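Trainee: Starting off with a structure, shown below.
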Amino acid sequence: MEELIRVENLQKVFGEKEVLRNIDLKILKGEIFAFIGPSGAGKTTLLRLLNFFEIPEKGNIRFRGMNSDIINIRRRMSLLFQTPAIFNNSVFENVAYGLKVRGIDKKIIDKKVGDALNIVGLPGIEKQNARTLSGGEAQRMAFARAIVYDPQVLLLDEPTANLDPANVMKIEEIIKRIRNERGTTIVLATHNIPQVRRIADRVGILLNGELIEVNSKVGIFSKPRDARSEAFINGEMIY
Ligand SMILES: Nc1ncnc2c1ncn2[C@@H]1O[C@H](COP(=O)(O)OP(=O)(O)O)[C@@H](O)[C@H]1O
Ligand SMILES: [Mg+2]
């Protein structure tokens, strides 16, 4: 597979704390890449760096085949937060947001919002107030908002952390479908190891701000290169 994102020697510091150090990584076009690691390892910070919400102290991030202008790159990426903001407005307005800021034609917006709601299994609820949705529905609506402008790269920060098993399965199906149907590159942060087994192609293990191992899913589960990876995957690591 073709390389889409290259991260080189990335470092991020907050105050006195080096939150990420020496991160080197390639993300391939159309893959589902999962970052796993315990809470506080730096997963969210890494996703925020990839989306240019944060600026690194050292190192750089390069996108192949995209205009090097940061604004242009950001327009082709989407980040779904762990706890998405739900505007006190209709589902339509919530989902259409990213299209409206891009100045897209009303008819096209209607069509794209409908398509996105279909993909996440919430067809026809455009007029409902978003604040009346259940937790699982709200997360799927936020997912629709993230994919409605067909981003090339979708960054997902623990998208199923607060959901019941049925909604976890739905979100995982949506992730696979988006990748398979649209070829979207997906970068997922999670501490859910069974989820990694179910949907990831490749895996990076983050521990205390360090990317200790990047491997294929099969590799990481059958032959981890680092003893700490093995301990984390087997749930033997105590925090
Ligand atoms: N804006 C911030 N200011 C100061 N410290 C931060 C900030 N954001 C994250 N951190 C710290 O960086 C570390 C990594 O956090 P985070 O990336 O959220 O980890 P994870 O998502 O893996 O749980 C934590 O110690 C956290 O407290
Ligand atoms: Mg996090």
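Scheme for the structure tokens: letters A, B, ... for chains in order shown; per-chain residue numbers from 1; ligand numbers from 1 in order shown.
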Env of A:Arg228: 9 Å cut, atoms = only C-alpha atoms, seq-sep filter 3 positions within chain, self excluded. Answer as a list in words.

Mentor: Leu207, Ile212, Pro224, Arg225, Ala231, Phe232, Ile233 and Met237 of chain A

Trainee: Write the residues of the preceding selection, restricted to N, CA and C atoms, as an mmCIF file, in the first residue's frame.

Mentor:
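Heads up, here's the output in selection03.cif:
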```cif
data_model
loop_
_atom_site.group_PDB
_atom_site.id
_atom_site.type_symbol
_atom_site.label_atom_id
_atom_site.label_comp_id
_atom_site.auth_asym_id
_atom_site.auth_seq_id
_atom_site.Cartn_x
_atom_site.Cartn_y
_atom_site.Cartn_z
ATOM 1 N N LEU A 207 3.433 3.928 24.868
ATOM 2 C CA LEU A 207 3.631 3.737 26.301
ATOM 3 C C LEU A 207 4.408 4.939 26.799
ATOM 4 N N ILE A 212 6.513 2.216 21.191
ATOM 5 C CA ILE A 212 7.483 1.141 21.435
ATOM 6 C C ILE A 212 7.472 0.083 20.344
ATOM 7 N N PRO A 224 4.903 -10.328 19.184
ATOM 8 C CA PRO A 224 5.314 -8.955 19.493
ATOM 9 C C PRO A 224 6.831 -8.871 19.647
ATOM 10 N N ARG A 225 7.405 -7.726 19.186
ATOM 11 C CA ARG A 225 8.860 -7.596 19.222
ATOM 12 C C ARG A 225 9.352 -7.083 20.563
ATOM 13 N N ALA A 231 3.104 -7.672 27.268
ATOM 14 C CA ALA A 231 2.485 -7.489 28.586
ATOM 15 C C ALA A 231 1.216 -6.647 28.460
ATOM 16 N N PHE A 232 1.273 -5.607 27.631
ATOM 17 C CA PHE A 232 0.094 -4.747 27.479
ATOM 18 C C PHE A 232 -1.049 -5.517 26.812
ATOM 19 N N ILE A 233 -0.726 -6.220 25.751
ATOM 20 C CA ILE A 233 -1.752 -6.960 25.007
ATOM 21 C C ILE A 233 -2.385 -8.059 25.860
ATOM 22 N N MET A 237 -0.065 -5.571 32.290
ATOM 23 C CA MET A 237 0.630 -4.362 32.690
ATOM 24 C C MET A 237 -0.221 -3.621 33.716
#
```

Trainee: Show me which residues line ligand 2, defined as having an atom within 10 Å of a ligand atom where only C-alpha atoms and all ligand atoms count, and present them as a PyMOL selection string.

Mentor: chain A and resi 37-48+81-82+157-158+161+189-191

Trainee: Convert the current residue selection to file output with C-alpha atoms, as a compact mmCIF listing (two decimals), in the first residue's frame.

Mentor:
```txt
# COMPACT_ATOMS: atom_id res chain seq x y z
CA GLY A 37 -1.85 2.24 24.97
CA PRO A 38 -2.94 2.96 28.51
CA SER A 39 -4.62 6.17 29.58
CA GLY A 40 -2.15 9.07 29.55
CA ALA A 41 0.15 7.41 27.00
CA GLY A 42 -0.28 10.26 24.51
CA LYS A 43 -2.85 8.87 22.06
CA THR A 44 -5.10 11.93 21.99
CA THR A 45 -2.11 14.26 21.74
CA LEU A 46 -0.80 12.33 18.75
CA LEU A 47 -4.16 12.54 16.96
CA ARG A 48 -4.33 16.27 17.69
CA PHE A 81 -13.51 13.30 19.53
CA GLN A 82 -14.05 10.89 22.38
CA ASP A 157 -10.24 9.16 19.33
CA GLU A 158 -11.62 6.24 21.35
CA ALA A 161 -15.16 4.27 24.86
CA ALA A 189 -6.86 5.55 19.17
CA THR A 190 -8.20 2.97 21.57
CA HIS A 191 -7.41 1.01 24.68
```

Trainee: Go through A:Leu4, A:Ile186, A:Ile27, A:Leu117 and flag the residue nearest A:Ser78, using only C-alpha atoms for the distances.

Mentor: A:Ile186

Trainee: Report, in Å to a single decimal, how far apart atom CA of A:Val19 and atom 3 (N, counted along the ligand's line) of ligand 1 are.

Mentor: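 Those two atoms sit 9.3 Å apart.
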
Trainee: Name all residues at most 12 Å from A:Gly219 (count only C-alpha atoms; drop same-chain ones fewer than 4 positions away) and give them as a compact mmCIF listing (two decimals) with C-alpha atoms, in the first residue's frame.

Mentor:
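Full text of result.txt as output:
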```txt
# COMPACT_ATOMS: atom_id res chain seq x y z
CA ARG A 197 -8.26 -7.59 16.86
CA ALA A 200 -7.20 -2.94 12.67
CA ASP A 201 -4.73 -3.70 9.88
CA ARG A 202 -1.69 -2.38 11.71
CA VAL A 203 -1.03 -1.37 15.28
CA GLY A 204 1.23 1.04 17.13
CA GLU A 213 6.31 -1.01 18.55
CA VAL A 214 4.59 -0.74 15.17
CA ASN A 215 3.54 -4.03 13.68
CA LYS A 223 4.93 -12.31 17.74
CA PRO A 224 5.31 -8.95 19.49
CA ARG A 225 8.86 -7.60 19.22
CA ASP A 226 8.84 -5.83 22.57
CA SER A 229 3.88 -4.90 24.02
CA GLU A 230 3.20 -8.47 24.97
CA ILE A 233 -1.75 -6.96 25.01
```

Trainee: Taking only C-alpha atoms and all ligand atoms into account, name the residue in A:Asp115, A:Glu16, A:Asp110, A:Glu31 that is nearest to ligand 1.

Mentor: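 The answer is A:Glu16, which sits nearest to ligand 1.
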
Trainee: Quick one: pick out all strand (DSSP E or B) residues within stretch 54-233 of chain A from a backbone DSSP run and write them as a PyMOL selection string.

Mentor: chain A and resi 58-63+77-80+90+129+153-157+185-190+202-207+210-216
